[in-house]
Amino acid sequence: MNQLERYLARALYRGLVLALVLLVTLFSFGALAREFDDVGQGSYRAVDAFLFVALTMPRRALDLLPVATLVGTLFGLGTMSASAELVAMRALGFSRPRIMRGLLVAAIPVIALTVVTAEWIAPGFERAARGRRTAALTGTPTVATDTGFWFKDGASRVRVGMIGADGMPGEIMIFGFEGRELTSFLRAASSRRENDGGWSLVGVERRLFSSRGVKLEKFDRLRWTTTLSGPELELLPQAPESLAPTALLAQIRLRRLRGQDASGHELALWRLFARPLSILAMLLLALPFVFGGLRDASLGRRTLLGAVLGVLSYVFEQAAGHAGLVIGLQPAITALAPPALIAITGGILYVLRR
């Protein structure tokens with residue numbers, strides 16, 4: 001990469017960082033307003049709401065990165081176009097395809113950072129945020145993992161491995177203690193809510209530990225005395241969008257083995273795979289406007305154009321994902337089609353602008 005290409009990349013990065021900071025801040029204020037609706041429930045306070053929004057910022061930045069790429073490109077390169085720097089670069093022998101190639105190369109570190117954030121950074125912060133929020137709202141301390149969650153229920157420790165299609169906990173393990181001594185271990189395939197508001201466990205195996213040995217008991221159905229309530233249960237499972245790619249793969253395999261619907265997790269996984277393509281597609285969509293119509297445009301006009309295009313692209317991708325689930329399209333098609341269409345649109349506009 002020569003000096004002019006590095007200068008081009010710096011302009012792209014400046015615009016991208018500025019746009020990402022603005023977008024994340026704007027969307028975070030919206031998330032904070034929603035969190036304030038729950039302030040006062042349990043021990044959930046305003047400081048907890050601020051902390052939750054702060055811890056979920058990496059995931060929010062990851063979701064908004066394609067839109068920030070579009071807006072940032074219009075910011076950074078639009079400024080270069082307005083000051084005739086792009087014209088000067090072309091006069092020095094930089095053709096449009098070469099400028100485009102330089103921008104695509106500059107996008108590689110952004111894509112690499114996206115992969116790192118999706119796998120190792122955002123999921124950890126997301127788990128911590130949701131665990132603290134659930135504990136504050138329900139009074140039940142929870143620890144979320146990639147394959148379930150744990151919580152303390154009186155003197156027992158409970159692990160819930162899954163939430164079934166009916167919204168009920170499944171693959172339940174209950175460790176009973178007296179002081180620090182393990183006295184019982186219970187495993188249940190699923191659970192049911194009774195008419196009186198209580199819980200029952202289905203397909204139960206229970207082991208009782210004593211000085212005389214281990215006693216095994218089996219029940220088709222067993223009453224479960226727990227502090228967990230229906231509204232609290234809705235707070236516990238992690239959304240597929242908050243999981244890392246490796247965790248999503250594990251969840252998809254488990255759900256297929258159990259005969260459960262895994263389309264939501266598959267769509268979330270394919271969206272992660274499609275995010276690099278979305279970043280490149282937004283870059284291609286911005287180039288026709290940079291080369292063709294922003295030389296005489298003000299900063300306000302560039303901002304408005306980027307915001308409109310970014311919002312339309314974001315809404316299109318989200319709507320396509322939900323529509324694909326409703327009509328039963330393959331998750332790969334649902335996730336990859338929107339960025340592919342955006343990239344094709346950008347290419348057509350680029351040719352027409354020439």
# chains A, B, ... in the order shown; residues from 1 in each chain; ligands from 1

$ select_by_dssp --residues "segment 129-321 of chain A" --states "alpha helix (DSSP H)" --output "NGL selection string"
:A and (129-138 or 230-233 or 245-258 or 263-292 or 299-321)

$ closest_atom_pairs --of "segment 189-265 of chain A" --to "segment 58-72 of chain A" --cutoff "10 Å" --atoms "only C-alpha atoms" --output "Markdown table"
| residue | atom | partner | partner_atom | distance |
| --- | --- | --- | --- | --- |
| A:Glu241 | CA | A:Arg59 | CA | 8.9 |
| A:Ser242 | CA | A:Arg59 | CA | 7.3 |
| A:Leu243 | CA | A:Arg59 | CA | 9.9 |

$ closest_residue --among "A:Val87, A:Ile174, A:Ala343, A:Leu104" --to "Thr225 of chain A" --atoms "only C-alpha atoms"
A:Ile174

$ closest_residue --among "A:Ala286, A:Ile163, A:Ile348, A:Leu8" --to "Gln260 of chain A" --atoms "only C-alpha atoms"
A:Ile163

$ closest_residue --among "A:Gly198, A:Gly93, A:Gly148, A:Pro288" --to "Thr345 of chain A" --atoms "only C-alpha atoms"
A:Pro288

$ residues_around --residues "Trp150 of chain A" --least-positions-apart "6" --cutoff "7 Å" --atoms "only C-alpha atoms" --output "number ranges by chain"
A: 142-144, 158-160

$ write_last_selection --atoms "N, CA and C atoms" --output "mmCIF file, in the first residue's frame"
data_model
loop_
_atom_site.group_PDB
_atom_site.id
_atom_site.type_symbol
_atom_site.label_atom_id
_atom_site.label_comp_id
_atom_site.auth_asym_id
_atom_site.auth_seq_id
_atom_site.Cartn_x
_atom_site.Cartn_y
_atom_site.Cartn_z
ATOM 1 N N THR A 142 -28.106 -15.142 38.461
ATOM 2 C CA THR A 142 -27.965 -16.097 37.373
ATOM 3 C C THR A 142 -26.602 -15.964 36.743
ATOM 4 N N VAL A 143 -26.147 -17.087 36.181
ATOM 5 C CA VAL A 143 -24.905 -17.115 35.414
ATOM 6 C C VAL A 143 -25.232 -17.734 34.066
ATOM 7 N N ALA A 144 -25.160 -16.952 33.008
ATOM 8 C CA ALA A 144 -25.478 -17.442 31.669
ATOM 9 C C ALA A 144 -24.236 -18.032 31.030
ATOM 10 N N VAL A 158 -29.445 -24.635 40.436
ATOM 11 C CA VAL A 158 -30.233 -25.160 39.319
ATOM 12 C C VAL A 158 -29.583 -24.766 38.001
ATOM 13 N N ARG A 159 -29.478 -25.732 37.105
ATOM 14 C CA ARG A 159 -29.023 -25.456 35.743
ATOM 15 C C ARG A 159 -30.155 -25.774 34.778
ATOM 16 N N VAL A 160 -30.471 -24.823 33.925
ATOM 17 C CA VAL A 160 -31.460 -25.009 32.867
ATOM 18 C C VAL A 160 -30.703 -25.025 31.547
#

$ closest_residue --among "A:Val39, A:Leu22, A:Leu16, A:Ala129" --to "Leu55 of chain A" --atoms "only C-alpha atoms"
A:Ala129

$ atom_distance --atom1 "atom CA of Ile342 of chain A" --atom2 "atom CA of Met282 of chain A"
7.1 Å

$ select_by_dssp --residues "segment 172-353 of chain A" --states "strand (DSSP E or B)" --output "VMD selection string"
chain A and resid 172 to 178 181 to 193 199 to 210 213 to 224

$ residues_around --residues "Asp48 of chain A" --least-positions-apart "4" --cutoff "9 Å" --atoms "only C-alpha atoms" --output "list in words"
Val39, Ser43, Tyr44, Phe52, Val53, Arg132, Arg133 and Ala136 of chain A

$ closest_atom_pairs --of "segment 252-311 of chain A" --to "segment 108-119 of chain A" --cutoff "12 Å" --atoms "only C-alpha atoms" --output "Markdown table"
| residue | atom | partner | partner_atom | distance |
| --- | --- | --- | --- | --- |
| A:Ala268 | CA | A:Ala118 | CA | 11.5 |
| A:Leu269 | CA | A:Ala118 | CA | 10.5 |
| A:Arg271 | CA | A:Ala118 | CA | 11.1 |
| A:Leu272 | CA | A:Ala118 | CA | 7.7 |
| A:Phe273 | CA | A:Val115 | CA | 9.0 |
| A:Ala274 | CA | A:Ile111 | CA | 10.9 |
| A:Arg275 | CA | A:Thr114 | CA | 8.2 |
| A:Pro276 | CA | A:Ile111 | CA | 5.6 |
| A:Leu277 | CA | A:Ile111 | CA | 9.1 |
| A:Ser278 | CA | A:Ile111 | CA | 10.0 |
| A:Ile279 | CA | A:Ile111 | CA | 7.6 |
| A:Leu280 | CA | A:Ile111 | CA | 9.0 |
| A:Leu283 | CA | A:Val110 | CA | 11.8 |

$ write_last_selection --atoms "N, CA and C atoms" --output "mmCIF file, in the first residue's frame"
data_model
loop_
_atom_site.group_PDB
_atom_site.id
_atom_site.type_symbol
_atom_site.label_atom_id
_atom_site.label_comp_id
_atom_site.auth_asym_id
_atom_site.auth_seq_id
_atom_site.Cartn_x
_atom_site.Cartn_y
_atom_site.Cartn_z
ATOM 1 N N ALA A 268 -29.293 -16.299 12.811
ATOM 2 C CA ALA A 268 -28.318 -15.479 13.529
ATOM 3 C C ALA A 268 -26.895 -15.824 13.100
ATOM 4 N N LEU A 269 -26.613 -17.117 12.901
ATOM 5 C CA LEU A 269 -25.273 -17.530 12.478
ATOM 6 C C LEU A 269 -24.968 -17.032 11.067
ATOM 7 N N ARG A 271 -26.258 -14.510 9.599
ATOM 8 C CA ARG A 271 -26.114 -13.052 9.625
ATOM 9 C C ARG A 271 -24.711 -12.654 10.041
ATOM 10 N N LEU A 272 -24.123 -13.407 10.966
ATOM 11 C CA LEU A 272 -22.738 -13.133 11.347
ATOM 12 C C LEU A 272 -21.801 -13.397 10.173
ATOM 13 N N PHE A 273 -22.055 -14.496 9.451
ATOM 14 C CA PHE A 273 -21.244 -14.790 8.271
ATOM 15 C C PHE A 273 -21.425 -13.731 7.178
ATOM 16 N N ALA A 274 -22.636 -13.155 7.103
ATOM 17 C CA ALA A 274 -22.932 -12.180 6.047
ATOM 18 C C ALA A 274 -22.460 -10.773 6.392
ATOM 19 N N ARG A 275 -22.053 -10.535 7.660
ATOM 20 C CA ARG A 275 -21.686 -9.175 8.044
ATOM 21 C C ARG A 275 -20.487 -8.640 7.252
ATOM 22 N N PRO A 276 -19.408 -9.411 7.025
ATOM 23 C CA PRO A 276 -18.338 -8.880 6.160
ATOM 24 C C PRO A 276 -18.835 -8.504 4.774
ATOM 25 N N LEU A 277 -19.724 -9.325 4.214
ATOM 26 C CA LEU A 277 -20.300 -8.991 2.906
ATOM 27 C C LEU A 277 -21.124 -7.711 2.992
ATOM 28 N N SER A 278 -21.829 -7.501 4.109
ATOM 29 C CA SER A 278 -22.618 -6.279 4.280
ATOM 30 C C SER A 278 -21.713 -5.049 4.321
ATOM 31 N N ILE A 279 -20.558 -5.181 4.993
ATOM 32 C CA ILE A 279 -19.617 -4.059 5.056
ATOM 33 C C ILE A 279 -19.118 -3.699 3.661
ATOM 34 N N LEU A 280 -18.731 -4.707 2.885
ATOM 35 C CA LEU A 280 -18.260 -4.450 1.515
ATOM 36 C C LEU A 280 -19.389 -3.908 0.642
ATOM 37 N N LEU A 283 -19.893 -0.289 1.326
ATOM 38 C CA LEU A 283 -18.789 0.466 0.727
ATOM 39 C C LEU A 283 -19.035 0.682 -0.762
#

$ atom_distance --atom1 "atom CA of Leu254 of chain A" --atom2 "atom CA of Gly170 of chain A"
12.6 Å

$ residues_around --residues "Ala155 of chain A" --least-positions-apart "4" --cutoff "9 Å" --atoms "only C-alpha atoms" --output "list of chain:residue names"
A:Phe175, A:Gly176, A:Phe177, A:Glu178, A:Gly179
